[in-house]
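Novice: Supplied in structure tokens, the structure appears directly below.
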Amino acid sequence: MNKFSTISAGAALFALAACGGTTVDEAIEDIANEFQISSGVLDDIELPKDEDLADLPSLVSDLVNEFEEFNEDYDVTLTLPTGSADYTGTLGFQVEDQETYLAGDLDLIADFDALTFDGTYSNIAGVSEDGDTLTVIGSVPVDTTIRDGSDGVTFDGTLFGDVSLEDETYSFNALIDGAFGGTNGEIAVAEVSGNIGDPDGGSDEIFGLVTLEQD
């Protein structure tokens with residue numbers, strides 16, 4: 001039985017894409033009515049409005065607030081740093097079409113010389129749509145590549161692996177797309193999209209947010 005399916009920011013794009021009769025102007029108006037737009041390190045990221053955050057679990061509202069702060073208080077890193085740095089932070093998401101929310105610790109090591117940004121997603125927990133506490137057992141490897149381009153120092157890669165929830169196996173198969181912020185990459189923010197495979201052979205789309213800070 002599928003115990004969880006997935007989040008929030010970015011979901012409006014998929015919802016609007018399904019509305020075949022929606023014009024571009026109407027779609028933009030819908031987004032403006034339902035979301036606030038955050039631009040900075042990453043541009044045009046849809047976040048829940050402040051008045052809606054109060055209705056969300058703290059694990060989600062805290063992540064959204066931190067994402068907005070990091071994204072808007074920093075400029076994208078323009079010059080590739082050298083050496084390596086440890087980053088810790090959070091990856092959170094909502095199960096699609098359900099009021100189920102999960103978040104966990106993200107620990108990555110950036111090797112700016114080798115252009116790798118890898119680590120693990122672990123300590124995942126959340127709240128189901130019935131208000132039950134969810135504890136996910138296991139960790140998921142994260143493998144990304146650092147890009148040094150005209151749009152700044154960015155990274156992209158995968159979140160791929162299995163975890164266990166109530167003795168059933170779920171499989172993450174997601175993409176991470178983000179950028180570093182600050183003069184020397186003091187922070188990093190990203191969006192996550194993909195799916196989670198369930199024990200019944202189905203899958204649910206996921207859309208999530210990442211915030212990271214140098215240790």
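Starting from 1 in every chain, residues are counted up; chains themselves are A, B, ... following the order of the structure tokens, and ligands are numbered from 1 as listed.
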Please provide the set of residues having any atom within 6 Å of Asp198 of chain A, restricted to only C-alpha atoms, with same-chain residues fewer than 3 positions apart removed, written as a PyMOL selection string.

Specialist: chain A and resi 2+170+201-203

Novice: Which residues, written as a PyMOL selection string, have at least one atom at most 12 Å from Leu91 of chain A, with only C-alpha atoms counted and residues fewer than 5 positions away on the same chain left out?

Specialist: chain A and resi 7+59-60+62-64+66-67+101-108+120-126+140+142+159+176+188-193+206-212

Novice: Let's see if you can do this: from backbone DSSP, list all strand (DSSP E) residues in segment 31-166 of chain A, as a short mmCIF file (atom, residue, chain, number, x, y, z; two decimals) with C-alpha atoms, in the first residue's frame.

Specialist:
```cif
data_model
loop_
_atom_site.label_atom_id
_atom_site.label_comp_id
_atom_site.auth_asym_id
_atom_site.auth_seq_id
_atom_site.Cartn_x
_atom_site.Cartn_y
_atom_site.Cartn_z
CA PHE A 35 2.04 31.88 -5.02
CA GLN A 36 4.68 34.48 -4.29
CA ILE A 37 7.65 34.61 -6.65
CA SER A 38 11.19 34.45 -5.28
CA ILE A 45 10.65 30.20 -7.92
CA GLU A 46 7.02 29.81 -6.78
CA LEU A 47 6.62 29.71 -3.00
CA PRO A 48 3.49 29.55 -0.84
CA SER A 84 36.51 21.75 -1.02
CA ALA A 85 33.76 22.63 1.46
CA ASP A 86 31.21 20.76 3.57
CA TYR A 87 27.55 21.78 3.34
CA THR A 88 24.64 20.87 5.59
CA GLY A 89 20.98 21.67 5.12
CA THR A 90 17.50 20.42 4.39
CA LEU A 91 15.57 18.83 1.55
CA GLY A 92 11.77 18.86 1.95
CA PHE A 93 8.79 17.91 -0.15
CA GLN A 94 5.02 17.30 -0.16
CA TYR A 101 4.95 16.41 4.09
CA LEU A 102 8.47 15.08 4.60
CA ALA A 103 11.88 16.63 5.17
CA GLY A 104 15.35 15.40 6.01
CA ASP A 105 18.99 16.30 6.43
CA LEU A 106 21.11 16.90 3.36
CA ASP A 107 24.90 16.60 3.81
CA LEU A 108 27.04 17.28 0.75
CA ILE A 109 30.73 17.85 0.07
CA ALA A 110 31.67 20.25 -2.72
CA ASP A 111 34.96 19.55 -4.48
CA THR A 116 31.57 17.25 -7.75
CA PHE A 117 28.94 17.95 -5.09
CA ASP A 118 27.93 14.64 -3.50
CA GLY A 119 26.59 13.23 -0.25
CA THR A 120 23.48 11.78 1.38
CA TYR A 121 19.87 12.57 2.23
CA SER A 122 18.98 11.08 5.62
CA ASN A 123 16.96 11.39 8.85
CA ILE A 124 13.79 11.77 6.78
CA ALA A 125 10.59 12.32 8.75
CA GLY A 126 7.24 13.97 8.30
CA VAL A 127 3.52 14.17 8.85
CA THR A 133 4.18 10.91 12.31
CA LEU A 134 6.22 9.29 9.53
CA THR A 135 9.75 8.00 10.08
CA VAL A 140 19.58 8.20 -0.26
CA PRO A 141 22.80 8.96 -2.19
CA VAL A 142 23.00 12.36 -3.89
CA ASP A 143 25.36 12.84 -6.83
CA THR A 144 25.63 16.18 -8.62
CA THR A 145 28.04 17.93 -10.97
CA ILE A 146 29.19 21.52 -10.49
CA ARG A 147 28.93 23.76 -13.57
CA ASP A 148 30.97 26.95 -14.07
CA GLY A 149 29.07 28.89 -16.71
CA GLY A 152 27.21 31.51 -12.41
CA VAL A 153 28.30 28.44 -10.45
CA THR A 154 25.45 25.94 -10.61
CA PHE A 155 24.98 22.23 -9.98
CA ASP A 156 22.70 19.44 -11.15
CA GLY A 157 22.41 15.73 -10.58
CA THR A 158 20.40 12.93 -9.03
CA LEU A 159 18.79 11.71 -5.83
CA PHE A 160 18.53 7.97 -6.39
CA GLY A 161 18.02 5.12 -3.93
CA ASP A 162 15.70 3.11 -1.69
CA VAL A 163 14.28 3.80 1.76
CA SER A 164 11.86 1.94 4.04
CA LEU A 165 8.59 3.19 5.53
#
```

Novice: Taking the DSSP secondary structure from the backbone, can you list the residues of chain A that are alpha helix (DSSP H), as a ChimeraX atom specification?

Specialist: /A:11-17,24-34,50-53,58-73

Novice: Kindly save the residues from that selection, with N, CA and C atoms included, as an mmCIF file, in the first residue's frame.

Specialist:
```cif
data_model
loop_
_atom_site.group_PDB
_atom_site.id
_atom_site.type_symbol
_atom_site.label_atom_id
_atom_site.label_comp_id
_atom_site.auth_asym_id
_atom_site.auth_seq_id
_atom_site.Cartn_x
_atom_site.Cartn_y
_atom_site.Cartn_z
ATOM 1 N N ALA A 11 4.821 23.138 -8.182
ATOM 2 C CA ALA A 11 3.672 22.322 -8.545
ATOM 3 C C ALA A 11 2.703 23.073 -9.424
ATOM 4 N N ALA A 12 2.648 24.396 -9.295
ATOM 5 C CA ALA A 12 1.720 25.195 -10.098
ATOM 6 C C ALA A 12 1.996 25.032 -11.583
ATOM 7 N N LEU A 13 3.240 24.877 -11.968
ATOM 8 C CA LEU A 13 3.572 24.734 -13.379
ATOM 9 C C LEU A 13 2.921 23.503 -13.975
ATOM 10 N N PHE A 14 2.915 22.414 -13.223
ATOM 11 C CA PHE A 14 2.337 21.170 -13.704
ATOM 12 C C PHE A 14 0.815 21.242 -13.713
ATOM 13 N N ALA A 15 0.258 21.903 -12.709
ATOM 14 C CA ALA A 15 -1.193 22.044 -12.644
ATOM 15 C C ALA A 15 -1.688 22.879 -13.808
ATOM 16 N N LEU A 16 -0.968 23.940 -14.128
ATOM 17 C CA LEU A 16 -1.390 24.807 -15.208
ATOM 18 C C LEU A 16 -1.216 24.129 -16.561
ATOM 19 N N ALA A 17 -0.190 23.307 -16.654
ATOM 20 C CA ALA A 17 0.041 22.619 -17.920
ATOM 21 C C ALA A 17 -1.110 21.686 -18.259
ATOM 22 N N VAL A 24 -1.803 32.134 -21.537
ATOM 23 C CA VAL A 24 -0.594 32.498 -20.811
ATOM 24 C C VAL A 24 -0.900 33.562 -19.762
ATOM 25 N N ASP A 25 -1.680 34.582 -20.136
ATOM 26 C CA ASP A 25 -2.017 35.645 -19.195
ATOM 27 C C ASP A 25 -2.796 35.097 -18.007
ATOM 28 N N GLU A 26 -3.742 34.187 -18.269
ATOM 29 C CA GLU A 26 -4.524 33.596 -17.188
ATOM 30 C C GLU A 26 -3.645 32.763 -16.276
ATOM 31 N N ALA A 27 -2.686 32.034 -16.893
ATOM 32 C CA ALA A 27 -1.777 31.211 -16.094
ATOM 33 C C ALA A 27 -0.925 32.075 -15.177
ATOM 34 N N ILE A 28 -0.409 33.196 -15.695
ATOM 35 C CA ILE A 28 0.401 34.110 -14.888
ATOM 36 C C ILE A 28 -0.424 34.687 -13.751
ATOM 37 N N GLU A 29 -1.687 35.033 -14.045
ATOM 38 C CA GLU A 29 -2.564 35.573 -13.005
ATOM 39 C C GLU A 29 -2.843 34.537 -11.923
ATOM 40 N N ASP A 30 -3.048 33.279 -12.344
ATOM 41 C CA ASP A 30 -3.283 32.206 -11.376
ATOM 42 C C ASP A 30 -2.091 32.039 -10.448
ATOM 43 N N ILE A 31 -0.886 32.067 -11.012
ATOM 44 C CA ILE A 31 0.319 31.930 -10.207
ATOM 45 C C ILE A 31 0.429 33.085 -9.219
ATOM 46 N N ALA A 32 0.149 34.301 -9.691
ATOM 47 C CA ALA A 32 0.233 35.473 -8.826
ATOM 48 C C ALA A 32 -0.765 35.384 -7.681
ATOM 49 N N ASN A 33 -1.924 34.786 -7.952
ATOM 50 C CA ASN A 33 -2.954 34.672 -6.919
ATOM 51 C C ASN A 33 -2.619 33.605 -5.881
ATOM 52 N N GLU A 34 -1.939 32.540 -6.286
ATOM 53 C CA GLU A 34 -1.715 31.411 -5.404
ATOM 54 C C GLU A 34 -0.315 31.356 -4.810
ATOM 55 N N ASP A 50 2.738 33.998 2.359
ATOM 56 C CA ASP A 50 2.953 34.019 3.800
ATOM 57 C C ASP A 50 1.721 33.572 4.572
ATOM 58 N N GLU A 51 0.541 33.991 4.102
ATOM 59 C CA GLU A 51 -0.678 33.644 4.833
ATOM 60 C C GLU A 51 -0.997 32.156 4.765
ATOM 61 N N ASP A 52 -0.428 31.464 3.774
ATOM 62 C CA ASP A 52 -0.669 30.028 3.640
ATOM 63 C C ASP A 52 0.302 29.195 4.469
ATOM 64 N N LEU A 53 1.452 29.785 4.837
ATOM 65 C CA LEU A 53 2.467 29.027 5.565
ATOM 66 C C LEU A 53 1.978 28.593 6.939
ATOM 67 N N SER A 58 5.497 22.821 10.447
ATOM 68 C CA SER A 58 6.688 23.650 10.626
ATOM 69 C C SER A 58 7.866 23.160 9.795
ATOM 70 N N LEU A 59 7.955 21.854 9.546
ATOM 71 C CA LEU A 59 9.077 21.338 8.757
ATOM 72 C C LEU A 59 9.046 21.889 7.336
ATOM 73 N N VAL A 60 7.840 22.244 6.844
ATOM 74 C CA VAL A 60 7.717 22.836 5.514
ATOM 75 C C VAL A 60 7.862 24.348 5.583
ATOM 76 N N SER A 61 7.148 24.985 6.507
ATOM 77 C CA SER A 61 7.189 26.443 6.581
ATOM 78 C C SER A 61 8.592 26.944 6.914
ATOM 79 N N ASP A 62 9.303 26.233 7.789
ATOM 80 C CA ASP A 62 10.677 26.631 8.116
ATOM 81 C C ASP A 62 11.580 26.544 6.892
ATOM 82 N N LEU A 63 11.392 25.482 6.100
ATOM 83 C CA LEU A 63 12.207 25.315 4.897
ATOM 84 C C LEU A 63 11.895 26.409 3.875
ATOM 85 N N VAL A 64 10.614 26.705 3.670
ATOM 86 C CA VAL A 64 10.230 27.748 2.712
ATOM 87 C C VAL A 64 10.806 29.093 3.128
ATOM 88 N N ASN A 65 10.712 29.421 4.419
ATOM 89 C CA ASN A 65 11.243 30.697 4.895
ATOM 90 C C ASN A 65 12.754 30.781 4.719
ATOM 91 N N GLU A 66 13.451 29.678 5.014
ATOM 92 C CA GLU A 66 14.905 29.689 4.849
ATOM 93 C C GLU A 66 15.280 29.770 3.376
ATOM 94 N N PHE A 67 14.542 29.047 2.523
ATOM 95 C CA PHE A 67 14.816 29.113 1.091
ATOM 96 C C PHE A 67 14.666 30.541 0.585
ATOM 97 N N GLU A 68 13.579 31.191 0.969
ATOM 98 C CA GLU A 68 13.338 32.566 0.525
ATOM 99 C C GLU A 68 14.461 33.490 0.990
ATOM 100 N N GLU A 69 14.884 33.328 2.253
ATOM 101 C CA GLU A 69 15.966 34.160 2.793
ATOM 102 C C GLU A 69 17.257 33.936 2.030
ATOM 103 N N PHE A 70 17.661 32.677 1.880
ATOM 104 C CA PHE A 70 18.911 32.387 1.171
ATOM 105 C C PHE A 70 18.842 32.861 -0.278
ATOM 106 N N ASN A 71 17.743 32.555 -0.944
ATOM 107 C CA ASN A 71 17.626 32.854 -2.366
ATOM 108 C C ASN A 71 17.679 34.353 -2.642
ATOM 109 N N GLU A 72 17.063 35.150 -1.773
ATOM 110 C CA GLU A 72 16.930 36.576 -2.038
ATOM 111 C C GLU A 72 18.017 37.418 -1.383
ATOM 112 N N ASP A 73 18.655 36.909 -0.335
ATOM 113 C CA ASP A 73 19.697 37.686 0.358
ATOM 114 C C ASP A 73 21.069 37.520 -0.268
#
```

Novice: Which is closest to Phe172 of chain A among A:Ile187, A:Glu205, A:Asp151, A:Asp200, if we use only C-alpha atoms?

Specialist: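 When distances to Phe172 of chain A are compared using only C-alpha atoms, the smallest one comes from A:Glu205.
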
Novice: What does the structure give for the distance between atom CA of Leu42 of chain A and atom CA of Val76 of chain A, in Å to one decimal?

Specialist: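 Rounded to one decimal, the two atoms are 7.7 Å apart.
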